[in-house]
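Colleague: Supplied in structure tokens, the structure appears directly below.
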Amino acid sequence: MNAADPSTIRAVRAIIARAKRWDMFFAMLGILSLMVGVLTFSVLFLDMAIQGVPRLDLEFFTSFPSRRAANAGILSAWVGTVLVMLVTALAAVPLGVAAGVYLEEYAPKNWITDIIEINISNLAGIPSIVYGLLALGLFVYYFGFGQSILSAGLTLALLILPVIIVATREAIRAIPQSIHEGSYACGATTWQTVRDHILPYSSAGILTGVIIGMARAIGETAPIITIGALTFIAFLPTAPFSGEPPAGLFDWIFAPFTVMPIQMFNWTSRPEAAFTVNAAAAGFVLVFMTLAMNGLAIYVRYRLRKNIKW
Amino acid sequence: MTASAVLPSHHGAPSTSIGNGVSDRLRKKASRHVKERIIEALLFSAAAFSVFVTVAIVYVLVKESWVFFQTVPLSDFLFDTQWTPLFDDAHYGIMVLLSGTLTSSGVALLVAIPLGTIIAIYLSEFAGFKLREIAKPFLELLGGVPTIVYGYFALTFLTPILQKIYPDLPGFNLLSAGLVMGIMIIPYVASLSEDAMRAVPMALREGSYAMGATRLQTALWVVTPAATSGIASAYILGISRAVGETMILAVAAGMQPNLTFNPTEPGATITSYIVQVALGDLPHGSIGYQTIFAAGLTLLLMTLAFNLLGYWLRKRFREVY
């Protein structure tokens with residue numbers, strides 16, 4: 001059979017056409033699969049917006065939860081969320097950045113470093129509810145912090161620690177070796193190099209990781225339920241120096257609390273439709289907050305990529 | 001890449017050959033840099049703290065479970081077919097909760113693994129630069145939605161729709177929770193698999209294209225096999241997410257312990273049981289309180305097993321170019 005034989009050419013063309021059809025078919029399948037994600041998210045967001053947005057008024061943000069759905073609000077929930085996040089950030093950011101800097105800039109290549117690295121990737125895979133059990137045993141009962149803002153904040157800090165460590169390491173790794181070498185060549189010590197060069201240049205990358213970690217912490221429900229957070233809180237923690245006798249500067253960290261996702265869970269699990277509307281409204285606020293934080297992180301990363309050219 | 005890797009190591013080089021101008025890290029015994037040593041010690045303790053967290057998790061879970069297993073024999077825990085720890089006639093068969101966990105995870109993975117893989121192949125091999133730049137952050141957003149919101153969505157939106165197709169479906173069921181959980185896991189599977197595929201060297205693709213292969217043929221027969229270890233660890237991560245997922249199940253699957261592998265029934269999982277107990281008012285130190293630690297230990301062992309499997313797969317199938 002000759003290569004130029006028309007029947008051979010036809011056969012080859014048929015094979016090519018079939019391969020191209022499969023190519024097209026898969027491209028379509030890919031777009032469809034992507035659409036499943038996009039569509040689900042849009043439906044989820046719209047459904048919650050339609051149900052919940054009419055419920056969002058100033059009163060919703062300034063009222064305590066109530067037995068009557070129409071009067072209930074999320075005051076104690078959002079204040080609780082802000083305070084818990086404050087504790088989480090104060091605990092997780094210094095610890096996570098320090099650990100990341102150590103592993104990138106100081107750690108010698110030995111078995112201790114290996115153990116720390118394997119351990120961090122392992123921690124990232126542990127389900128969040130297990131952190132809740134740790135906190136229940138350790139913070140709530142062993143340290144005696146009780147079911148307080150402090151316990152919850154520390155729990156979430158442990159949970160997002162791996163996120164911050166990994167982000168710090170990646171940000172540092174993106175700095176070219178020549179920056180280190182230049183600094184050492186001028187006689188700088190390791191800490192001087194870290195303080196004056198590594199940390200400033202990696203700060204945007206670290207910030208991205210911190211925001212993503214905090215966005216995750218804001219939505220975490222399971223570990224906080226596990227430490228026994230109450231679902232019905234109709235008061236705020238005492239502000240510093242207020243009340244009789246005057247509260248200390250940090251008395252609020254031992255106060256009982258509730259947070260946004262727990263408030264939403266509480267409303268979702270009630271059968272009355274009016275509470276479902278409340279849940280939708282709280283969920284909308286929650287999704288809006290996480291989206292805003294994630295969006296901010298994406299923006300910071302985008303700006304970073306545009307501005308820094310080594 | 002650390003700085004010390006470039007400079008001569010202090011282990012190997014004799015101290016006399018190290019000039020004074022080089023980093024003080026090479027002169028561990030120099031006392032003039034006490035401050036440097038203190039800072040290094042502080043940073044090390046921050047890194048070592050993560051090991052302490054793991055030790056604390058294992059210690060707390062084992063300690064409370066130990067007390068639990070003093071009362072309940074291990075054989076009852078493993079082989080009893082009822083889970084009624086809070087009733088007078090108490091049974092502690094973890095199998096019941098495991099069946100809920102496995103059923104819901106199975107449904108979730110049936111959604112997440114095919115869709116996640118297709119999206120990964122599409123984004124890595126087919127999509128243009130622009131689409132990828134938009135789709136990747138979008139997937140991250142999808143993964144960032146709080147799971148309680150997914151739970152609400154499963155209960156109030158998906159379940160009523162499923163009930164129209166299948167009228168006998170109860171209001172709480174593992175199917176709806178599992179499906180939504182699958183959507184939630186797609187970003188993890190897709191994003192990690194895509195990273196693994198992008199890491200395959202261009203030369204392999206070019207070789208394949210030069211032989212006349214189409215994009216799909218290249219993707220399926222060249223890129224995917226080369227990225228197997230990365231894709232496998234993406235799947236493993238997806239599995240541990242599914243097994244550890246809590247709020248979607250607590251909201252949408254009901255919390256009745258039910259020994260079943262039928263996703264159209266309600267059921268409790270290990271995680272949703274822990275939530276159920278934590279919501280109640282169990283006294284510290286009671287047997288009910290200890291059950292959640294025994295359940296948590298089971299969960300930890302399962303995720304640990306998956307992590308080890310993932311580690312092994314990465315080692316076994318790793319392709320180095």
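By convention in this document, the chains of the structure tokens carry letters A, B, ... by their order, each chain's residues are numbered from 1, and ligands are numbered from 1 in the order they are shown.
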List as a list in words the protein and nucleic acid residues near region 109-123 of chain A, meaning an atom at most 7 Å away when only C-alpha atoms are counted, but skip any in the same chain fewer than 3 places from it.
Modeller: Ile126 and Pro162 of chain A; Ala47, Ala48, Ser50 and Val51 of chain B
Colleague: Please, which residues of region 69-212 of chain B, numbered as in this document, come out alpha helix (DSSP H) from DSSP, as a tab-separated table (two decimals) with N, CA, C and O atoms, in the first residue's frame?
Modeller:
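Now in part37.tsv:
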```tsv
chain	number	residue	atom	x	y	z
B	69	PHE	N	-11.86	3.35	77.66
B	69	PHE	CA	-11.67	1.92	77.39
B	69	PHE	C	-11.48	1.11	78.67
B	69	PHE	O	-11.43	-0.12	78.62
B	70	GLN	N	-11.36	1.76	79.83
B	70	GLN	CA	-11.42	1.04	81.09
B	70	GLN	C	-12.83	0.51	81.33
B	70	GLN	O	-13.03	-0.53	81.94
B	71	THR	N	-13.82	1.27	80.88
B	71	THR	CA	-15.22	0.89	81.10
B	71	THR	C	-15.75	0.04	79.96
B	71	THR	O	-16.48	-0.92	80.18
B	74	LEU	N	-12.61	-2.93	74.22
B	74	LEU	CA	-12.32	-2.56	72.84
B	74	LEU	C	-13.16	-3.37	71.86
B	74	LEU	O	-13.60	-2.87	70.83
B	75	SER	N	-13.44	-4.63	72.20
B	75	SER	CA	-14.20	-5.47	71.27
B	75	SER	C	-15.62	-4.93	71.10
B	75	SER	O	-16.17	-4.95	70.00
B	76	ASP	N	-16.24	-4.43	72.21
B	76	ASP	CA	-17.57	-3.82	72.09
B	76	ASP	C	-17.50	-2.61	71.18
B	76	ASP	O	-18.37	-2.39	70.34
B	77	PHE	N	-16.45	-1.80	71.39
B	77	PHE	CA	-16.29	-0.56	70.62
B	77	PHE	C	-16.21	-0.87	69.13
B	77	PHE	O	-16.79	-0.17	68.30
B	78	LEU	N	-15.49	-1.93	68.79
B	78	LEU	CA	-15.26	-2.24	67.38
B	78	LEU	C	-16.40	-3.03	66.75
B	78	LEU	O	-16.69	-2.87	65.56
B	79	PHE	N	-17.05	-3.92	67.52
B	79	PHE	CA	-17.96	-4.87	66.87
B	79	PHE	C	-19.43	-4.71	67.24
B	79	PHE	O	-20.29	-5.34	66.63
B	94	ILE	N	-18.72	1.79	67.41
B	94	ILE	CA	-18.24	2.89	66.57
B	94	ILE	C	-18.58	2.64	65.11
B	94	ILE	O	-18.69	3.57	64.30
B	95	MET	N	-18.79	1.34	64.77
B	95	MET	CA	-19.16	0.95	63.42
B	95	MET	C	-20.34	1.78	62.88
B	95	MET	O	-20.39	2.13	61.71
B	96	VAL	N	-21.28	2.09	63.77
B	96	VAL	CA	-22.47	2.83	63.37
B	96	VAL	C	-22.10	4.22	62.86
B	96	VAL	O	-22.57	4.66	61.81
B	97	LEU	N	-21.21	4.89	63.61
B	97	LEU	CA	-20.79	6.23	63.19
B	97	LEU	C	-19.88	6.13	61.96
B	97	LEU	O	-19.94	6.97	61.05
B	98	LEU	N	-19.04	5.09	61.94
B	98	LEU	CA	-18.15	4.90	60.78
B	98	LEU	C	-18.95	4.73	59.50
B	98	LEU	O	-18.57	5.27	58.45
B	99	SER	N	-20.06	4.00	59.57
B	99	SER	CA	-20.85	3.79	58.35
B	99	SER	C	-21.36	5.13	57.82
B	99	SER	O	-21.36	5.36	56.62
B	100	GLY	N	-21.78	6.02	58.73
B	100	GLY	CA	-22.23	7.34	58.28
B	100	GLY	C	-21.10	8.12	57.65
B	100	GLY	O	-21.25	8.73	56.59
B	101	THR	N	-19.92	8.08	58.30
B	101	THR	CA	-18.76	8.79	57.76
B	101	THR	C	-18.38	8.25	56.38
B	101	THR	O	-18.16	9.03	55.44
B	102	LEU	N	-18.34	6.91	56.25
B	102	LEU	CA	-17.92	6.33	54.98
B	102	LEU	C	-18.94	6.60	53.88
B	102	LEU	O	-18.57	6.91	52.74
B	103	THR	N	-20.23	6.50	54.21
B	103	THR	CA	-21.26	6.72	53.19
B	103	THR	C	-21.22	8.15	52.67
B	103	THR	O	-21.19	8.39	51.46
B	104	SER	N	-21.20	9.12	53.61
B	104	SER	CA	-21.21	10.51	53.15
B	104	SER	C	-19.92	10.85	52.41
B	104	SER	O	-19.95	11.54	51.38
B	105	SER	N	-18.79	10.34	52.91
B	105	SER	CA	-17.53	10.60	52.21
B	105	SER	C	-17.53	9.97	50.83
B	105	SER	O	-17.03	10.56	49.87
B	106	GLY	N	-18.12	8.77	50.74
B	106	GLY	CA	-18.19	8.10	49.44
B	106	GLY	C	-18.95	8.94	48.43
B	106	GLY	O	-18.50	9.15	47.30
B	107	VAL	N	-20.12	9.44	48.84
B	107	VAL	CA	-20.91	10.29	47.94
B	107	VAL	C	-20.10	11.52	47.54
B	107	VAL	O	-20.02	11.89	46.36
B	108	ALA	N	-19.46	12.15	48.55
B	108	ALA	CA	-18.69	13.37	48.28
B	108	ALA	C	-17.57	13.10	47.29
B	108	ALA	O	-17.36	13.88	46.35
B	109	LEU	N	-16.88	11.96	47.46
B	109	LEU	CA	-15.74	11.69	46.58
B	109	LEU	C	-16.19	11.33	45.17
B	109	LEU	O	-15.50	11.63	44.20
B	110	LEU	N	-17.38	10.70	45.06
B	110	LEU	CA	-17.91	10.41	43.73
B	110	LEU	C	-18.16	11.70	42.95
B	110	LEU	O	-18.13	11.72	41.73
B	111	VAL	N	-18.43	12.79	43.67
B	111	VAL	CA	-18.60	14.09	43.02
B	111	VAL	C	-17.24	14.75	42.81
B	111	VAL	O	-16.91	15.21	41.71
B	112	ALA	N	-16.44	14.78	43.87
B	112	ALA	CA	-15.26	15.65	43.87
B	112	ALA	C	-14.13	15.10	43.01
B	112	ALA	O	-13.46	15.86	42.31
B	113	ILE	N	-13.92	13.78	43.03
B	113	ILE	CA	-12.75	13.25	42.31
B	113	ILE	C	-12.91	13.37	40.79
B	113	ILE	O	-12.03	13.94	40.13
B	114	PRO	N	-14.02	12.90	40.19
B	114	PRO	CA	-14.12	13.09	38.73
B	114	PRO	C	-14.13	14.57	38.33
B	114	PRO	O	-13.35	14.98	37.47
B	115	LEU	N	-14.98	15.37	38.99
B	115	LEU	CA	-15.07	16.79	38.60
B	115	LEU	C	-13.75	17.51	38.85
B	115	LEU	O	-13.29	18.28	38.01
B	116	GLY	N	-13.16	17.24	40.00
B	116	GLY	CA	-11.90	17.91	40.33
B	116	GLY	C	-10.80	17.56	39.34
B	116	GLY	O	-10.04	18.43	38.90
B	117	THR	N	-10.73	16.28	38.95
B	117	THR	CA	-9.69	15.87	38.01
B	117	THR	C	-9.92	16.49	36.64
B	117	THR	O	-8.98	16.98	36.00
B	118	ILE	N	-11.18	16.47	36.18
B	118	ILE	CA	-11.47	17.05	34.86
B	118	ILE	C	-11.12	18.53	34.87
B	118	ILE	O	-10.48	19.04	33.94
B	119	ILE	N	-11.51	19.24	35.93
B	119	ILE	CA	-11.20	20.68	36.00
B	119	ILE	C	-9.68	20.89	35.99
B	119	ILE	O	-9.17	21.78	35.29
B	120	ALA	N	-8.96	20.04	36.73
B	120	ALA	CA	-7.50	20.19	36.79
B	120	ALA	C	-6.89	20.00	35.40
B	120	ALA	O	-6.08	20.81	34.95
B	121	ILE	N	-7.31	18.92	34.70
B	121	ILE	CA	-6.76	18.66	33.36
B	121	ILE	C	-7.13	19.82	32.43
B	121	ILE	O	-6.29	20.31	31.67
B	129	PHE	N	-4.35	31.26	29.28
B	129	PHE	CA	-3.79	31.92	30.46
B	129	PHE	C	-4.85	32.72	31.22
B	129	PHE	O	-4.95	32.64	32.43
B	130	LYS	N	-5.66	33.47	30.47
B	130	LYS	CA	-6.64	34.37	31.10
B	130	LYS	C	-7.65	33.61	31.93
B	130	LYS	O	-7.92	33.94	33.07
B	131	LEU	N	-8.22	32.54	31.30
B	131	LEU	CA	-9.24	31.77	32.00
B	131	LEU	C	-8.67	31.17	33.28
B	131	LEU	O	-9.31	31.17	34.32
B	132	ARG	N	-7.42	30.69	33.18
B	132	ARG	CA	-6.81	30.08	34.36
B	132	ARG	C	-6.61	31.12	35.46
B	132	ARG	O	-6.84	30.84	36.64
B	133	GLU	N	-6.21	32.31	35.08
B	133	GLU	CA	-5.98	33.36	36.08
B	133	GLU	C	-7.28	33.74	36.79
B	133	GLU	O	-7.26	34.21	37.91
B	134	ILE	N	-8.42	33.58	36.10
B	134	ILE	CA	-9.70	33.88	36.75
B	134	ILE	C	-10.19	32.67	37.54
B	134	ILE	O	-10.67	32.79	38.66
B	135	ALA	N	-10.04	31.49	36.95
B	135	ALA	CA	-10.64	30.29	37.54
B	135	ALA	C	-9.95	29.88	38.83
B	135	ALA	O	-10.61	29.46	39.78
B	136	LYS	N	-8.62	30.04	38.89
B	136	LYS	CA	-7.91	29.58	40.09
B	136	LYS	C	-8.34	30.34	41.34
B	136	LYS	O	-8.70	29.72	42.34
B	137	PRO	N	-8.32	31.69	41.32
B	137	PRO	CA	-8.81	32.40	42.50
B	137	PRO	C	-10.27	32.10	42.80
B	137	PRO	O	-10.66	32.01	43.97
B	138	PHE	N	-11.08	31.88	41.74
B	138	PHE	CA	-12.48	31.57	41.99
B	138	PHE	C	-12.61	30.25	42.75
B	138	PHE	O	-13.40	30.14	43.70
B	139	LEU	N	-11.80	29.26	42.35
B	139	LEU	CA	-11.83	27.98	43.06
B	139	LEU	C	-11.43	28.17	44.52
B	139	LEU	O	-12.00	27.56	45.41
B	140	GLU	N	-10.44	29.05	44.74
B	140	GLU	CA	-10.03	29.32	46.11
B	140	GLU	C	-11.19	29.91	46.92
B	140	GLU	O	-11.39	29.54	48.07
B	141	LEU	N	-11.94	30.80	46.28
B	141	LEU	CA	-13.10	31.38	46.96
B	141	LEU	C	-14.09	30.28	47.33
B	141	LEU	O	-14.64	30.25	48.43
B	142	LEU	N	-14.32	29.38	46.38
B	142	LEU	CA	-15.26	28.29	46.60
B	142	LEU	C	-14.83	27.45	47.81
B	142	LEU	O	-15.64	27.01	48.61
B	143	GLY	N	-13.52	27.27	47.93
B	143	GLY	CA	-13.00	26.51	49.06
B	143	GLY	C	-13.02	27.30	50.35
B	143	GLY	O	-12.89	26.74	51.43
B	144	GLY	N	-13.17	28.63	50.25
B	144	GLY	CA	-13.14	29.45	51.45
B	144	GLY	C	-14.50	29.71	52.07
B	144	GLY	O	-14.59	30.29	53.14
B	147	THR	N	-18.13	26.16	56.06
B	147	THR	CA	-18.88	24.94	55.83
B	147	THR	C	-20.29	25.00	56.40
B	147	THR	O	-21.17	24.32	55.92
B	148	ILE	N	-20.50	25.83	57.41
B	148	ILE	CA	-21.85	25.95	57.96
B	148	ILE	C	-22.80	26.48	56.88
B	148	ILE	O	-23.96	26.09	56.79
B	149	VAL	N	-22.26	27.36	56.01
B	149	VAL	CA	-23.07	27.90	54.92
B	149	VAL	C	-23.42	26.80	53.92
B	149	VAL	O	-24.56	26.71	53.44
B	150	TYR	N	-22.45	25.93	53.63
B	150	TYR	CA	-22.74	24.78	52.77
B	150	TYR	C	-23.81	23.89	53.41
B	150	TYR	O	-24.66	23.32	52.72
B	151	GLY	N	-23.74	23.74	54.73
B	151	GLY	CA	-24.72	22.93	55.43
B	151	GLY	C	-26.12	23.51	55.27
B	151	GLY	O	-27.09	22.79	54.97
B	152	TYR	N	-26.22	24.81	55.45
B	152	TYR	CA	-27.50	25.50	55.27
B	152	TYR	C	-28.01	25.29	53.85
B	152	TYR	O	-29.19	25.00	53.64
B	153	PHE	N	-27.11	25.39	52.88
B	153	PHE	CA	-27.47	25.21	51.47
B	153	PHE	C	-27.98	23.78	51.22
B	153	PHE	O	-29.02	23.59	50.56
B	159	THR	N	-31.84	19.63	49.47
B	159	THR	CA	-32.74	18.56	49.92
B	159	THR	C	-34.15	18.71	49.33
B	159	THR	O	-34.69	17.74	48.80
B	160	PRO	N	-34.77	19.90	49.38
B	160	PRO	CA	-36.09	20.04	48.74
B	160	PRO	C	-36.08	19.69	47.25
B	160	PRO	O	-37.04	19.08	46.76
B	161	ILE	N	-35.00	20.03	46.54
B	161	ILE	CA	-34.92	19.69	45.11
B	161	ILE	C	-34.83	18.18	44.94
B	161	ILE	O	-35.53	17.58	44.12
B	162	LEU	N	-33.99	17.55	45.75
B	162	LEU	CA	-33.85	16.09	45.67
B	162	LEU	C	-35.16	15.40	46.03
B	162	LEU	O	-35.50	14.36	45.45
B	163	GLN	N	-35.90	16.01	46.94
B	163	GLN	CA	-37.18	15.41	47.34
B	163	GLN	C	-38.20	15.43	46.20
B	163	GLN	O	-39.10	14.60	46.14
B	164	LYS	N	-38.07	16.41	45.30
B	164	LYS	CA	-38.96	16.46	44.13
B	164	LYS	C	-38.65	15.30	43.19
B	164	LYS	O	-39.56	14.70	42.59
B	165	ILE	N	-37.36	14.97	43.05
B	165	ILE	CA	-36.97	13.86	42.18
B	165	ILE	C	-37.27	12.53	42.85
B	165	ILE	O	-37.69	11.57	42.21
B	174	LEU	N	-28.04	11.62	54.15
B	174	LEU	CA	-26.59	11.66	53.88
B	174	LEU	C	-26.31	12.06	52.44
B	174	LEU	O	-25.24	12.58	52.13
B	175	LEU	N	-27.29	11.82	51.54
B	175	LEU	CA	-27.07	12.09	50.12
B	175	LEU	C	-26.83	13.57	49.87
B	175	LEU	O	-25.83	13.97	49.28
B	176	SER	N	-27.77	14.38	50.32
B	176	SER	CA	-27.68	15.81	50.08
B	176	SER	C	-26.42	16.39	50.73
B	176	SER	O	-25.69	17.18	50.11
B	177	ALA	N	-26.16	15.96	51.98
B	177	ALA	CA	-24.95	16.44	52.66
B	177	ALA	C	-23.71	16.02	51.90
B	177	ALA	O	-22.78	16.81	51.71
B	178	GLY	N	-23.70	14.76	51.41
B	178	GLY	CA	-22.54	14.26	50.70
B	178	GLY	C	-22.30	14.99	49.39
B	178	GLY	O	-21.16	15.31	49.04
B	179	LEU	N	-23.38	15.26	48.66
B	179	LEU	CA	-23.24	15.97	47.38
B	179	LEU	C	-22.63	17.36	47.59
B	179	LEU	O	-21.69	17.76	46.89
B	180	VAL	N	-23.17	18.09	48.57
B	180	VAL	CA	-22.65	19.43	48.82
B	180	VAL	C	-21.21	19.36	49.31
B	180	VAL	O	-20.36	20.17	48.92
B	181	MET	N	-20.93	18.35	50.13
B	181	MET	CA	-19.56	18.16	50.59
B	181	MET	C	-18.63	17.93	49.40
B	181	MET	O	-17.50	18.44	49.39
B	182	GLY	N	-19.11	17.18	48.41
B	182	GLY	CA	-18.31	16.94	47.21
B	182	GLY	C	-17.98	18.24	46.50
B	182	GLY	O	-16.83	18.49	46.12
B	183	ILE	N	-18.99	19.11	46.36
B	183	ILE	CA	-18.74	20.42	45.73
B	183	ILE	C	-17.70	21.20	46.52
B	183	ILE	O	-16.82	21.84	45.97
B	184	MET	N	-17.81	21.09	47.86
B	184	MET	CA	-16.87	21.82	48.71
B	184	MET	C	-15.44	21.32	48.51
B	184	MET	O	-14.49	22.10	48.58
B	185	ILE	N	-15.29	20.00	48.23
B	185	ILE	CA	-13.94	19.42	48.14
B	185	ILE	C	-13.32	19.62	46.75
B	185	ILE	O	-12.10	19.58	46.61
B	186	ILE	N	-14.16	19.88	45.73
B	186	ILE	CA	-13.64	20.06	44.36
B	186	ILE	C	-12.42	20.99	44.32
B	186	ILE	O	-11.40	20.63	43.73
B	187	PRO	N	-12.48	22.19	44.93
B	187	PRO	CA	-11.33	23.09	44.81
B	187	PRO	C	-10.03	22.48	45.32
B	187	PRO	O	-8.98	22.69	44.71
B	188	TYR	N	-10.09	21.72	46.43
B	188	TYR	CA	-8.86	21.13	46.97
B	188	TYR	C	-8.27	20.16	45.94
B	188	TYR	O	-7.08	20.19	45.63
B	189	VAL	N	-9.14	19.25	45.42
B	189	VAL	CA	-8.67	18.25	44.47
B	189	VAL	C	-8.16	18.93	43.20
B	189	VAL	O	-7.06	18.65	42.71
B	190	ALA	N	-8.96	19.86	42.66
B	190	ALA	CA	-8.62	20.49	41.38
B	190	ALA	C	-7.33	21.30	41.50
B	190	ALA	O	-6.43	21.17	40.67
B	191	SER	N	-7.24	22.10	42.56
B	191	SER	CA	-6.10	23.02	42.68
B	191	SER	C	-4.79	22.24	42.83
B	191	SER	O	-3.80	22.53	42.14
B	192	LEU	N	-4.78	21.25	43.71
B	192	LEU	CA	-3.54	20.49	43.93
B	192	LEU	C	-3.17	19.66	42.72
B	192	LEU	O	-1.99	19.58	42.35
B	193	SER	N	-4.18	19.03	42.07
B	193	SER	CA	-3.87	18.22	40.88
B	193	SER	C	-3.32	19.12	39.78
B	193	SER	O	-2.40	18.74	39.05
B	194	GLU	N	-3.91	20.30	39.66
B	194	GLU	CA	-3.45	21.21	38.62
B	194	GLU	C	-2.00	21.62	38.85
B	194	GLU	O	-1.20	21.65	37.92
B	195	ASP	N	-1.68	21.92	40.12
B	195	ASP	CA	-0.29	22.25	40.43
B	195	ASP	C	0.64	21.13	40.01
B	195	ASP	O	1.71	21.37	39.43
B	196	ALA	N	0.23	19.88	40.31
B	196	ALA	CA	1.07	18.74	39.97
B	196	ALA	C	1.25	18.63	38.45
B	196	ALA	O	2.34	18.35	37.96
B	197	MET	N	0.18	18.88	37.70
B	197	MET	CA	0.27	18.76	36.24
B	197	MET	C	1.12	19.88	35.64
B	197	MET	O	1.86	19.66	34.70
B	198	ARG	N	1.00	21.08	36.23
B	198	ARG	CA	1.78	22.20	35.71
B	198	ARG	C	3.26	21.97	35.94
B	198	ARG	O	4.09	22.54	35.23
B	202	MET	N	7.74	20.97	30.27
B	202	MET	CA	7.17	21.27	28.95
B	202	MET	C	7.71	20.32	27.88
B	202	MET	O	7.00	19.97	26.94
B	203	ALA	N	8.97	19.89	28.06
B	203	ALA	CA	9.59	19.05	27.02
B	203	ALA	C	8.79	17.78	26.79
B	203	ALA	O	8.70	17.30	25.65
B	204	LEU	N	8.21	17.23	27.87
B	204	LEU	CA	7.41	16.01	27.70
B	204	LEU	C	6.21	16.28	26.80
B	204	LEU	O	5.87	15.49	25.93
B	205	ARG	N	5.54	17.43	27.04
B	205	ARG	CA	4.38	17.78	26.21
B	205	ARG	C	4.82	18.02	24.77
B	205	ARG	O	4.19	17.53	23.84
B	206	GLU	N	5.93	18.75	24.62
B	206	GLU	CA	6.38	19.07	23.27
B	206	GLU	C	6.71	17.80	22.50
B	206	GLU	O	6.40	17.67	21.32
B	207	GLY	N	7.33	16.84	23.20
B	207	GLY	CA	7.62	15.56	22.57
B	207	GLY	C	6.35	14.90	22.09
B	207	GLY	O	6.26	14.39	20.96
B	208	SER	N	5.35	14.93	22.95
B	208	SER	CA	4.08	14.29	22.61
B	208	SER	C	3.41	15.00	21.43
B	208	SER	O	2.94	14.35	20.49
B	209	TYR	N	3.39	16.33	21.46
B	209	TYR	CA	2.78	17.09	20.35
B	209	TYR	C	3.54	16.84	19.05
B	209	TYR	O	2.95	16.73	17.98
B	210	ALA	N	4.86	16.72	19.16
B	210	ALA	CA	5.67	16.50	17.96
B	210	ALA	C	5.36	15.16	17.31
B	210	ALA	O	5.52	14.99	16.10
```
Colleague: Skip region 266-279 of chain A itself and residues of its chain fewer than 2 positions away, then list as number ranges by chain all residues within 7 Å of it, counting only C-alpha atoms.
Modeller: A: 51-52, 69, 231, 262-264, 281-283; B: 152, 251
Colleague: One decimal, in Å: what's the spacing between CA of Glu265 (chain B) and CA of Leu86 (chain B)?
Modeller: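 CA of Leu86 (chain B) lies at a distance of 21.8 Å from CA of Glu265 (chain B).
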Colleague: Env of Phe45 (chain A): 9 Å cut, atoms = only C-alpha atoms, seq-sep filter 4 positions within chain, self excluded. Answer as a list in words.
Modeller: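 Contacts, in chain order: Thr40, Phe41, Ala49, Ile50, Phe284 and Val287 of chain A.
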Colleague: Store the residues of this selection in a file with C-alpha atoms, as a PDB file, in the first residue's frame.
Modeller:
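What follows is the written file result-v4.pdb:
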```
ATOM      1  CA  THR A  40     -23.397  26.015  42.698  1.00  0.00           C
ATOM      2  CA  PHE A  41     -21.664  28.992  44.193  1.00  0.00           C
ATOM      3  CA  ALA A  49     -29.180  36.856  49.324  1.00  0.00           C
ATOM      4  CA  ILE A  50     -32.841  36.592  48.248  1.00  0.00           C
ATOM      5  CA  PHE A 284     -24.971  36.193  53.884  1.00  0.00           C
ATOM      6  CA  VAL A 287     -20.015  34.698  53.262  1.00  0.00           C
TER       7      VAL A 287
END
```
Colleague: What are the residues of chain A that have an atom within 6 Å of an atom of chain B, counting only C-alpha atoms, as a list of chain:residue names?
Modeller: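 Result: A:Asp23, A:Gly30, A:Ser33, A:Leu95, A:Ala98, A:Ala99, A:Tyr102, A:Glu104, A:Glu105, A:Pro127, A:Leu134, A:Gly187, A:Thr189, A:Gly219, A:Thr226, A:Gly228, A:Gly283.
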Colleague: Can you tell me, as JSON, numbers by chain, what residues are no more than 10 Å from Gly285 (chain B) when counting only C-alpha atoms, ignoring any on the same chain fewer than 3 positions away?
Modeller: {"B": [64, 67, 68, 282, 288, 289, 290]}
Colleague: Restricting the output to C-alpha atoms, write the selected residues as a JSON list (two decimals), in the first residue's frame.
Modeller:
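File produced: result.json:
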```
[["chain", "number", "residue", "atom", "x", "y", "z"],
["B", 64, "GLU", "CA", -9.48, 10.50, 77.84],
["B", 67, "VAL", "CA", -10.42, 6.10, 80.75],
["B", 68, "PHE", "CA", -13.19, 5.28, 78.28],
["B", 282, "LEU", "CA", -22.55, 16.57, 79.58],
["B", 288, "GLY", "CA", -20.64, 10.45, 77.58],
["B", 289, "TYR", "CA", -17.92, 13.09, 77.75],
["B", 290, "GLN", "CA", -15.26, 10.45, 77.19]]
```
Colleague: Could you please determine the separation between CA of Val223 (chain B) and CA of Val163 (chain A) in Å, to one decimal place?
Modeller: 28.8 Å
Colleague: Tell me, in Å to one decimal, how far CA of Ala268 (chain B) is from CA of Gly132 (chain A).
Modeller: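 About the pair CA of Ala268 (chain B) and CA of Gly132 (chain A): they are 18.4 Å apart.
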Colleague: Here is a test: counting only C-alpha atoms, which residue of A:Ala255, A:Gly182, A:Gly205, A:Leu156 is nearest to Arg305 (chain A)?
Modeller: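 The shortest atom-to-atom distance to Arg305 (chain A) comes from A:Gly205.
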Colleague: Give me the residues within 12 Å of Ala91 (chain A) as a list of chain:residue names, counting only C-alpha atoms and dropping any in the same chain fewer than 4 places off.
Modeller: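 Residues meeting the cut-off are A:Val84, A:Met85, A:Leu86, A:Val87, A:Leu95, A:Gly96, A:Val97, A:Ala98, A:Leu150, A:Ser151, A:Ala152, A:Gly153, A:Leu154, A:Thr155, A:Leu156, A:Ala157, A:Leu158, A:Leu159, A:Ile160, A:Leu161, A:Ile164, A:Val210, A:Met214, B:Ala46.
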